[in-house]
>>> print(open('upload-v3.txt').read())   # compact mmCIF, C-alpha atoms
# COMPACT_ATOMS: atom_id res chain seq x y z
CA MET O 233 -0.53 15.28 4.92
CA ALA O 234 -3.41 17.13 6.59
CA PRO O 235 -6.18 14.88 7.88
CA LEU O 236 -9.06 14.92 5.45
CA ALA O 237 -11.38 16.14 8.18
CA GLU O 238 -9.37 19.35 8.50
CA ILE O 239 -9.58 20.26 4.88
CA ASP O 240 -11.52 23.43 4.33
CA ARG O 241 -13.75 22.54 1.42
CA HIS O 242 -14.53 26.15 0.70
CA ARG O 243 -10.95 26.83 -0.12
CA SER O 244 -10.94 24.27 -2.87
CA PRO O 245 -11.33 26.47 -5.94
CA ALA O 246 -14.11 25.79 -8.40
CA ALA O 247 -13.32 25.30 -12.06
CA GLU O 248 -14.40 28.87 -12.90
CA THR O 249 -11.69 30.62 -10.89
CA ILE O 250 -8.20 31.11 -12.33
CA GLU O 251 -6.78 28.80 -9.65
CA GLY O 252 -9.39 26.19 -10.47
CA ARG O 253 -8.69 26.38 -14.17
CA ILE O 254 -4.97 25.98 -13.53
CA ILE O 255 -5.53 23.00 -11.22
CA HIS O 256 -7.73 21.21 -13.73
CA ALA O 257 -5.30 21.99 -16.55
CA THR O 258 -2.39 20.62 -14.52
CA LEU O 259 -4.29 17.42 -13.81
CA ARG O 260 -4.86 16.95 -17.54
CA CYS O 261 -1.15 17.52 -18.20
CA LEU O 262 -0.19 15.03 -15.48
CA ALA O 263 -2.54 12.42 -16.94
CA ARG O 264 -0.83 12.89 -20.32
CA TRP O 265 2.86 13.38 -19.49
CA GLY O 266 3.45 12.89 -15.77
CA VAL O 267 5.30 15.17 -13.35
CA ALA O 268 8.79 15.20 -14.85
CA LYS O 269 7.72 16.27 -18.34
CA THR O 270 5.06 18.82 -17.40
CA THR O 271 6.39 22.39 -17.59
CA GLY O 272 4.93 25.69 -16.45
CA GLU O 273 4.47 26.56 -20.08
CA ASP O 274 2.42 23.38 -20.69
CA VAL O 275 0.17 24.20 -17.76
CA ALA O 276 -0.31 27.85 -18.81
CA ARG O 277 -1.16 26.85 -22.38
CA GLU O 278 -3.56 24.10 -21.27
CA ALA O 279 -5.29 26.50 -18.86
CA GLY O 280 -5.42 29.27 -21.46
CA VAL O 281 -3.62 31.77 -19.21
CA SER O 282 -0.33 33.61 -19.54
CA ARG O 283 2.73 32.44 -17.63
CA ALA O 284 2.59 35.69 -15.65
CA THR O 285 -0.95 34.80 -14.53
CA LEU O 286 0.18 31.30 -13.60
CA TYR O 287 2.96 32.64 -11.39
CA ARG O 288 0.68 35.25 -9.82
CA ALA O 289 -1.86 32.53 -8.96
CA PHE O 290 0.81 30.22 -7.51
CA PRO O 291 3.71 32.38 -6.34
CA GLY O 292 5.10 29.38 -4.44
CA GLY O 293 5.82 27.71 -7.79
CA ARG O 294 5.50 24.05 -8.69
CA GLN O 295 5.49 22.86 -5.06
CA ALA O 296 2.63 25.19 -4.10
CA LEU O 297 0.69 24.17 -7.20
CA TYR O 298 1.05 20.46 -6.41
CA GLU O 299 0.02 21.00 -2.80
CA ALA O 300 -3.06 22.90 -3.98
CA ILE O 301 -3.87 20.03 -6.34
CA LEU O 302 -3.54 17.48 -3.54
CA ARG O 303 -5.87 19.53 -1.29
CA HIS O 304 -8.30 19.99 -4.15
CA GLU O 305 -8.39 16.30 -5.04
CA LEU O 306 -8.73 15.19 -1.42
CA ALA O 307 -11.64 17.57 -0.91
CA ARG O 308 -13.27 16.27 -4.09
CA PHE O 309 -12.74 12.72 -2.85
CA VAL O 310 -14.24 13.49 0.56
CA ASP O 311 -17.22 15.22 -1.05
CA SER O 312 -17.81 12.39 -3.48
CA ILE O 313 -18.05 9.70 -0.81
CA SER O 314 -19.51 11.72 2.10
CA VAL O 315 -22.86 12.15 0.42
CA GLU O 316 -23.18 8.43 -0.21
CA LEU O 317 -21.96 7.52 3.27
CA ASP O 318 -24.61 9.82 4.74
CA ALA O 319 -27.27 7.80 2.92
CA ALA O 320 -26.05 4.35 4.07
CA ALA O 321 -28.68 2.35 5.94
CA SER O 322 -26.53 -0.31 7.64
CA LEU O 323 -22.94 -1.09 8.62
CA GLU O 324 -22.49 -3.25 5.54
CA ASP O 325 -24.01 -0.58 3.33
CA ALA O 326 -21.64 2.06 4.66
CA LEU O 327 -18.58 -0.18 4.19
CA VAL O 328 -19.61 -1.19 0.67
CA THR O 329 -20.42 2.38 -0.33
CA GLY O 330 -17.12 3.70 1.02
CA MET O 331 -15.01 0.94 -0.52
CA VAL O 332 -16.68 1.04 -3.94
CA GLY O 333 -16.67 4.86 -3.99
CA ALA O 334 -13.00 5.03 -3.02
CA GLY O 335 -12.03 2.23 -5.40
CA ARG O 336 -13.77 3.87 -8.36
CA PHE O 337 -12.37 7.30 -7.53
CA LEU O 338 -8.81 5.95 -7.49
CA ARG O 339 -9.34 3.79 -10.60
CA ASP O 340 -10.83 6.67 -12.59
CA HIS O 341 -8.23 9.22 -11.53
CA ASP O 342 -6.27 9.58 -14.77
CA ALA O 343 -3.40 11.61 -13.32
CA LEU O 344 -2.93 9.19 -10.42
CA GLN O 345 -3.07 6.17 -12.73
CA TYR O 346 -0.52 7.70 -15.11
CA LEU O 347 1.86 8.35 -12.21
CA LEU O 348 1.40 4.84 -10.79
CA ARG O 349 2.35 3.37 -14.16
CA HIS O 350 5.16 5.71 -15.21
CA GLU O 351 6.45 7.54 -12.12
CA PRO O 352 5.57 5.27 -9.18
CA GLU O 353 8.41 6.77 -7.12
CA ARG O 354 6.35 9.98 -6.86
CA VAL O 355 3.23 8.26 -5.52
CA LEU O 356 3.90 4.96 -3.80
CA PRO O 357 6.06 6.15 -0.88
CA ALA O 358 3.05 8.18 0.33
CA PHE O 359 1.06 4.95 0.71
CA ALA O 360 3.64 2.77 2.45
CA PHE O 361 5.17 2.20 5.87
CA HIS O 362 5.02 5.14 8.30
CA ARG O 363 3.63 7.52 5.67
CA LEU O 364 0.57 5.30 5.32
CA ASP O 365 -0.26 6.10 8.98
CA GLY O 366 -1.49 9.57 8.00
CA VAL O 367 -3.61 8.20 5.17
CA LEU O 368 -5.22 5.58 7.42
CA ALA O 369 -5.86 8.14 10.16
CA ALA O 370 -7.50 10.45 7.64
CA ALA O 371 -9.62 7.67 6.19
CA THR O 372 -10.68 6.64 9.70
CA ALA O 373 -11.58 10.23 10.61
CA LEU O 374 -13.69 10.45 7.47
CA CYS O 375 -15.49 7.08 7.62
CA ALA O 376 -15.65 6.01 11.27
CA PRO O 377 -18.39 8.51 12.24
CA HIS O 378 -20.61 7.01 9.53
CA LEU O 379 -19.93 3.43 10.65
CA ALA O 380 -20.49 4.42 14.29
CA ARG O 381 -24.18 4.92 13.52
CA PHE O 382 -24.40 1.12 13.35
CA THR O 383 -21.75 -0.25 15.74
CA SER O 384 -19.55 0.82 18.66
CA PRO O 385 -17.12 3.72 18.08
CA GLU O 386 -14.23 1.29 18.61
CA ALA O 387 -15.48 -1.21 16.03
CA ALA O 388 -16.28 1.67 13.66
CA ALA O 389 -12.71 2.94 13.77
CA ILE O 390 -11.34 -0.57 13.30
CA GLY O 391 -13.67 -1.15 10.36
CA ALA O 392 -12.73 2.13 8.66
CA ASP O 393 -9.02 1.33 9.05
CA TRP O 394 -9.47 -2.20 7.71
CA ALA O 395 -11.56 -1.07 4.73
CA ALA O 396 -9.01 1.64 3.87
CA ARG O 397 -6.18 -0.93 3.91
CA LEU O 398 -8.09 -3.20 1.54
CA VAL O 399 -9.02 -0.34 -0.79
CA LEU O 400 -5.40 0.72 -1.07
CA SER O 401 -4.11 -2.82 -1.47
CA TYR O 402 -6.56 -3.69 -4.24
CA SER O 403 -6.26 -0.28 -5.93
CA LEU O 404 -2.47 -0.40 -6.10
CA HIS O 405 -2.29 -4.15 -6.83
CA PRO O 406 -5.53 -5.30 -8.48
CA SER O 407 -6.56 -8.96 -8.25
CA PRO O 408 -9.52 -10.97 -9.50
CA VAL O 409 -10.43 -11.84 -5.90
CA LEU O 410 -11.90 -8.40 -5.23
CA ASP O 411 -12.92 -5.94 -7.94
CA LEU O 412 -13.59 -2.76 -5.98
CA ALA O 413 -15.65 -1.29 -8.80
CA ASP O 414 -18.06 -4.25 -8.69
CA GLU O 415 -20.54 -3.49 -5.94
CA ALA O 416 -21.93 -7.03 -5.72
CA SER O 417 -18.51 -8.60 -5.19
CA VAL O 418 -17.55 -5.98 -2.58
CA ARG O 419 -20.87 -6.61 -0.80
CA ARG O 420 -20.18 -10.35 -0.63
CA VAL O 421 -16.70 -9.77 0.78
CA VAL O 422 -17.89 -7.21 3.32
CA GLY O 423 -20.82 -9.36 4.45
CA THR O 424 -18.79 -12.56 4.72
CA TYR O 425 -15.41 -11.42 6.02
CA LEU O 426 -15.58 -7.92 7.50
CA ALA O 427 -19.00 -7.41 9.11
CA PRO O 428 -18.80 -10.39 11.51
CA GLY O 429 -15.62 -8.87 12.96
CA LEU O 430 -17.17 -5.44 13.51
CA THR O 431 -20.25 -6.19 15.51
CA ARG O 432 -19.63 -4.63 18.90
CA VAL F 1196 25.13 -18.54 -14.81
CA THR F 1197 24.74 -21.10 -12.04
CA GLY F 1198 22.30 -20.79 -9.17
CA ASN F 1199 25.27 -20.52 -6.89
CA GLN F 1200 26.66 -17.55 -8.81
CA ARG F 1201 23.27 -15.87 -8.81
CA GLU F 1202 23.04 -16.29 -5.05
CA ARG F 1203 26.53 -14.82 -4.62
CA ILE F 1204 25.63 -11.86 -6.83
CA LEU F 1205 22.49 -11.13 -4.81
CA GLU F 1206 24.40 -11.41 -1.53
CA GLY F 1207 27.01 -9.08 -3.00
CA THR F 1208 24.35 -6.60 -4.06
CA TYR F 1209 22.89 -6.62 -0.57
CA ALA F 1210 26.32 -5.90 0.91
CA VAL F 1211 27.01 -3.07 -1.55
CA VAL F 1212 23.61 -1.45 -0.94
CA ALA F 1213 24.14 -1.73 2.81
CA ARG F 1214 27.42 0.15 2.36
CA VAL F 1215 26.55 2.87 -0.17
CA GLY F 1216 22.77 2.83 -0.66
CA MET F 1217 20.71 1.99 -3.74
CA ALA F 1218 21.41 5.13 -5.77
CA LYS F 1219 25.18 4.76 -5.56
CA ALA F 1220 25.47 1.01 -6.00
CA THR F 1221 27.22 0.25 -9.31
CA MET F 1222 27.53 -2.93 -11.36
CA ASP F 1223 31.32 -2.76 -10.88
CA ASP F 1224 30.96 -2.67 -7.09
CA VAL F 1225 28.67 -5.66 -7.17
CA ALA F 1226 30.90 -7.69 -9.53
CA HIS F 1227 33.85 -6.97 -7.27
CA GLN F 1228 31.96 -7.75 -4.05
CA ALA F 1229 30.52 -10.99 -5.45
CA GLY F 1230 33.81 -12.06 -7.04
CA VAL F 1231 32.35 -12.52 -10.52
CA SER F 1232 33.30 -10.91 -13.83
CA ARG F 1233 31.27 -8.07 -15.32
CA ALA F 1234 30.39 -10.40 -18.19
CA THR F 1235 28.90 -12.95 -15.78
CA LEU F 1236 27.03 -10.23 -13.93
CA TYR F 1237 25.44 -8.93 -17.14
CA ARG F 1238 24.63 -12.46 -18.28
CA ALA F 1239 22.77 -13.00 -15.02
CA PHE F 1240 21.08 -9.57 -15.13
CA PRO F 1241 20.88 -8.39 -18.73
CA GLY F 1242 18.65 -5.50 -17.64
CA GLY F 1243 21.58 -4.04 -15.70
CA ARG F 1244 21.44 -2.12 -12.45
CA ASP F 1245 17.66 -1.65 -12.19
CA GLU F 1246 16.98 -5.32 -12.78
CA LEU F 1247 19.69 -6.31 -10.33
CA LEU F 1248 18.38 -4.00 -7.58
CA ASP F 1249 14.80 -5.21 -8.05
CA ALA F 1250 16.02 -8.81 -7.90
CA ALA F 1251 17.96 -8.10 -4.72
CA VAL F 1252 14.88 -6.56 -3.11
CA THR F 1253 12.77 -9.58 -4.08
CA TRP F 1254 15.47 -11.92 -2.78
CA GLU F 1255 15.70 -10.19 0.59
CA VAL F 1256 11.90 -10.03 0.95
CA ALA F 1257 11.73 -13.79 0.33
CA ARG F 1258 14.47 -14.38 2.92
CA PHE F 1259 12.65 -12.09 5.35
CA PHE F 1260 9.41 -14.09 5.13
CA ASP F 1261 11.27 -17.42 5.20
CA ARG F 1262 12.83 -16.38 8.49
CA ILE F 1263 9.40 -15.41 9.86
CA GLY F 1264 7.93 -18.70 8.62
CA SER F 1265 10.51 -20.81 10.40
CA GLU F 1266 10.31 -18.65 13.51
CA ILE F 1267 6.56 -19.12 13.98
CA GLY F 1268 6.12 -22.75 12.89
CA PRO F 1269 5.45 -25.14 15.77
CA SER F 1270 8.65 -25.81 17.69
CA PRO F 1271 9.75 -29.47 17.92
CA GLY F 1272 7.30 -31.44 20.06
CA GLU F 1273 4.65 -28.72 19.85
CA SER F 1274 1.27 -29.76 18.39
CA PRO F 1275 0.19 -28.15 15.10
CA LEU F 1276 -0.90 -24.56 15.54
CA GLY F 1277 -4.39 -23.27 14.81
CA VAL F 1278 -4.87 -20.49 12.29
CA ALA F 1279 -5.34 -17.87 15.01
CA GLU F 1280 -2.08 -18.78 16.78
CA LEU F 1281 -0.22 -18.71 13.47
CA LEU F 1282 -1.51 -15.26 12.57
CA GLU F 1283 -0.77 -13.89 16.03
CA ARG F 1284 2.77 -15.23 16.05
CA GLY F 1285 3.32 -14.16 12.46
CA LEU F 1286 2.18 -10.58 13.06
CA VAL F 1287 4.31 -10.17 16.15
CA ALA F 1288 7.40 -11.76 14.58
CA ALA F 1289 7.12 -9.86 11.28
CA HIS F 1290 6.52 -6.56 13.01
CA ARG F 1291 9.58 -7.04 15.20
CA ALA F 1292 11.76 -8.25 12.32
CA LEU F 1293 10.78 -5.22 10.24
CA ALA F 1294 11.58 -2.80 13.03
CA ASP F 1295 14.94 -4.54 13.55
CA HIS F 1296 15.83 -4.66 9.85
CA ARG F 1297 18.59 -2.07 9.82
CA LEU F 1298 19.04 -1.79 6.06
CA LEU F 1299 15.32 -1.54 5.39
CA GLN F 1300 14.93 1.20 7.99
CA ASP F 1301 17.93 3.11 6.60
CA LEU F 1302 16.60 2.90 3.06
CA LEU F 1303 13.11 3.99 4.14
CA ARG F 1304 14.64 7.06 5.75
CA ASN F 1305 16.99 7.96 2.91
CA GLU F 1306 15.87 6.32 -0.32
CA ALA F 1307 12.16 5.58 0.02
CA ASP F 1308 11.55 6.88 -3.52
CA ARG F 1309 13.88 4.18 -4.84
CA LEU F 1310 13.01 1.35 -2.43
CA VAL F 1311 9.21 1.55 -2.25
CA PRO F 1312 8.48 1.18 -6.00
CA SER F 1313 10.84 -1.78 -6.07
CA LEU F 1314 9.09 -3.34 -3.07
CA ALA F 1315 5.78 -2.66 -4.77
CA THR F 1316 6.76 -4.78 -7.77
CA THR F 1317 7.54 -7.61 -5.35
CA MET F 1318 4.37 -7.27 -3.29
CA PRO F 1319 2.06 -9.23 -5.64
CA LEU F 1320 4.48 -12.18 -5.38
CA VAL F 1321 4.63 -11.89 -1.61
CA ALA F 1322 0.86 -11.57 -1.33
CA ALA F 1323 0.42 -14.65 -3.54
CA ALA F 1324 2.93 -16.69 -1.53
CA MET F 1325 1.31 -15.69 1.74
CA ARG F 1326 -2.15 -16.41 0.31
CA ASP F 1327 -1.14 -19.94 -0.72
CA TRP F 1328 0.47 -20.56 2.66
CA LEU F 1329 -2.67 -19.38 4.47
CA ARG F 1330 -5.00 -21.27 2.14
CA THR F 1331 -3.51 -24.67 2.95
CA ARG F 1332 -3.97 -23.88 6.64
CA LEU F 1333 -7.51 -22.59 6.23
CA GLU F 1334 -8.47 -25.71 4.28
CA ARG F 1335 -7.74 -27.74 7.42
CA ALA F 1336 -9.71 -25.40 9.70
CA ASP F 1337 -13.45 -25.22 10.46
CA LEU F 1338 -14.58 -22.51 8.09
CA ARG F 1339 -17.80 -20.60 8.53
CA ALA F 1340 -20.60 -21.16 6.06
CA GLY F 1341 -20.06 -19.34 2.77
CA VAL F 1342 -16.31 -18.85 3.27
CA ASP F 1343 -14.07 -19.61 0.32
CA ALA F 1344 -10.60 -20.59 1.55
CA GLU F 1345 -8.83 -19.00 -1.42
CA GLN F 1346 -10.67 -15.70 -1.11
CA ALA F 1347 -10.33 -15.58 2.67
CA ALA F 1348 -6.62 -16.35 2.37
CA GLU F 1349 -6.04 -13.52 -0.06
CA LEU F 1350 -7.97 -10.95 1.95
CA LEU F 1351 -6.09 -11.99 5.07
CA ALA F 1352 -2.71 -11.93 3.31
CA ARG F 1353 -3.27 -8.38 2.07
CA THR F 1354 -4.56 -7.18 5.43
CA LEU F 1355 -1.61 -8.78 7.23
CA LEU F 1356 0.94 -7.29 4.81
CA SER F 1357 -0.59 -3.86 5.31
CA LEU F 1358 -0.50 -4.27 9.10
CA ILE F 1359 3.10 -5.51 9.10
CA GLY F 1360 4.30 -2.49 7.12
CA THR F 1361 2.06 0.02 8.89
CA PRO F 1362 0.53 -1.05 12.22
CA GLY F 1363 -1.41 2.23 12.40
CA ARG F 1364 -3.87 2.06 15.30
CA TRP F 1365 -2.59 -1.34 16.47
CA ASP F 1366 0.28 -1.89 18.90
CA LEU F 1367 1.74 -5.12 17.53
CA ASP F 1368 4.15 -5.35 20.47
CA ASP F 1369 1.17 -5.93 22.75
CA PRO F 1370 0.10 -9.61 22.64
CA GLY F 1371 -3.31 -8.72 24.07
CA GLN F 1372 -4.04 -6.30 21.24
CA VAL F 1373 -2.77 -8.74 18.63
CA ARG F 1374 -5.06 -11.39 20.05
CA VAL F 1375 -8.09 -9.11 19.81
CA LEU F 1376 -7.14 -8.01 16.30
CA VAL F 1377 -6.75 -11.58 15.02
CA ARG F 1378 -9.56 -13.36 16.86
CA ARG F 1379 -12.27 -10.78 17.28
CA HIS F 1380 -11.77 -8.97 13.97
CA LEU F 1381 -9.69 -10.63 11.22
CA LEU F 1382 -10.87 -14.21 11.72
CA ALA F 1383 -14.39 -13.58 13.03
CA GLY F 1384 -15.88 -14.04 9.57
CA VAL F 1385 -13.53 -16.83 8.50
CA VAL F 1386 -13.33 -19.66 11.04
CA THR F 1387 -15.89 -20.88 13.54
CA GLY F 1388 -15.35 -19.98 17.18
CA ALA F 1389 -12.47 -17.57 16.43
CA GLY F 1390 -13.24 -15.11 19.22
>>> encode(input="upload-v3.txt", output="structure tokens")
Amino acid sequence: MAPLAEIDRHRSPAAETIEGRIIHATLRCLARWGVAKTTGEDVAREAGVSRATLYRAFPGGRQALYEAILRHELARFVDSISVELDAAASLEDALVTGMVGAGRFLRDHDALQYLLRHEPERVLPAFAFHRLDGVLAAATALCAPHLARFTSPEAAAIGADWAARLVLSYSLHPSPVLDLADEASVRRVVGTYLAPGLTR
Amino acid sequence: VTGNQRERILEGTYAVVARVGMAKATMDDVAHQAGVSRATLYRAFPGGRDELLDAAVTWEVARFFDRIGSEIGPSPGESPLGVAELLERGLVAAHRALADHRLLQDLLRNEADRLVPSLATTMPLVAAAMRDWLRTRLERADLRAGVDAEQAAELLARTLLSLIGTPGRWDLDDPGQVRVLVRRHLLAGVVTGAG
């Protein structure tokens, strides 16, 4: 997976373009039926385009379409939390903002949630063992510069990595101990357990 | 089905998977390997192959952490370990055991799509077991003001599990780095005088 920082946001198509319409339509299909049961015909019908248009837009087929979706969703994710991270006023603020933003994004992602429930084999391997390395590196590249405004670059990178691990753990396996969507509970956890370990 | 038979079936499943992989392991192979009838096998695992494979994964994960637990506990004559020593030893031992686990590494290379979802169904159990284990140790330690042993134990358990599977930026073969990770970062907010 490409590090988030390398993603060219301008290449992520807006909803008005044909590519954008197809990407959004595919996401709706995935949220309804998953990967295995979504056909090219479903996507074309949902997007309101002909199959010929679909194949012209994504000549690389299903694989190219899914890669475009992944890039599109990552860029949307980066955009959605970058703005808030920019506005953070302290280390704790930045950690809370990033964790809550990421947790809500993952929780509210209908296609991702459908796949986690019904086709976990298509999603989970990307977040485990050596394949998680790329995800953590990307999350660190995205968040560490924001944290580094308030602590050392080293502690910032460690904090971003730690927060990303917790976000993934609690998103994939929710628990009453930490509800990522609840800002107050994330703030308590960050202030009590993470911030003291990220001071220098 | 007796506990003994169940144990033999799970051992048999492990042996069959080690030989042919998860996708190709059949109920017949396992019955044969374990020396039980098909009827007994289906009585023990009415859900069939998928249930059996998930159970075998859970069983091996439990054995894996049992081995780590006995490896890091104080050796005879050694005084009880502090939380920091336990976490350091645990991280190093688990990281090494994972790297040396031949079957796990083979399956991750060849059948990650089958193994990882099965491991994921086990993870909440593992996280809960590790949380309870840590909690009893934290309850005996000097906790910082505002720290809840249960909450701290769960956060630590999940962070440790993530680190064991994916060290990422940390070199868990380097005792110096592990010491910094545990004392300066993971425990700094939990126990007094960690660093």
>>> atom_distance(input="upload-v3.txt", atom1="atom CA of Asp1261 of chain F", atom2="atom CA of His362 of chain O")
23.6 Å
>>> closest_residue(input="upload-v3.txt", among="F:Leu1276, F:Leu1248, F:Met1222, F:Ala1307", to="Pro352 of chain O", atoms="only C-alpha atoms")
F:Ala1307
>>> interface_residues(input="upload-v3.txt", of="chain F", to="chain O", cutoff="10 Å", atoms="only C-alpha atoms", output="ChimeraX atom specification")
/F:1303,1306-1316,1318-1319,1322,1339-1343,1345-1347,1349-1351,1353-1365,1376-1386,1389-1390
>>> closest_residue(input="upload-v3.txt", among="O:Ala307, O:Val332, O:Trp265, O:Arg253", to="Leu286 of chain O", atoms="all atoms listed in the file")
O:Arg253
>>> closest_residue(input="upload-v3.txt", among="F:Gly1207, F:Gly1285, F:Gly1371, F:Gly1242", to="Trp1254 of chain F", atoms="all atoms listed in the file")
F:Gly1207
>>> atom_distance(input="upload-v3.txt", atom1="atom CA of Leu1281 of chain F", atom2="atom CA of Arg1335 of chain F")
13.2 Å
>>> closest_residue(input="upload-v3.txt", among="O:Ala319, O:Ile255, O:Met331, O:Val310", to="Arg294 of chain O", atoms="all atoms listed in the file")
O:Ile255
>>> closest_residue(input="upload-v3.txt", among="F:Gln1228, F:Glu1273, F:Ile1267, F:Val1211", to="Val1287 of chain F", atoms="only C-alpha atoms")
F:Ile1267
>>> atom_distance(input="upload-v3.txt", atom1="atom CA of Leu1299 of chain F", atom2="atom CA of Asp1224 of chain F")
20.0 Å
>>> closest_residue(input="upload-v3.txt", among="F:Val1321, F:Ala1213, F:Leu1205, F:Val1252", to="Ala1226 of chain F", atoms="only C-alpha atoms")
F:Leu1205
>>> axis_aligned_box(input="upload-v3.txt", around="segment 297-308 of chain O", padding_each_side="4 Å", output="JSON")
{"center_x": -6.1, "center_y": 19.7, "center_z": -4.1, "size_x": 22.3, "size_y": 17.0, "size_z": 14.3}
>>> residues_around(input="upload-v3.txt", residues="Arg264 of chain O", least_positions_apart="6", cutoff="12 Å", atoms="all atoms listed in the file", output="list in words")
Ala257, Thr258, Thr270, Asp274, Val275, Glu278, Asp342, Ala343, Leu344, Gln345, Tyr346, Leu347, Arg349 and His350 of chain O
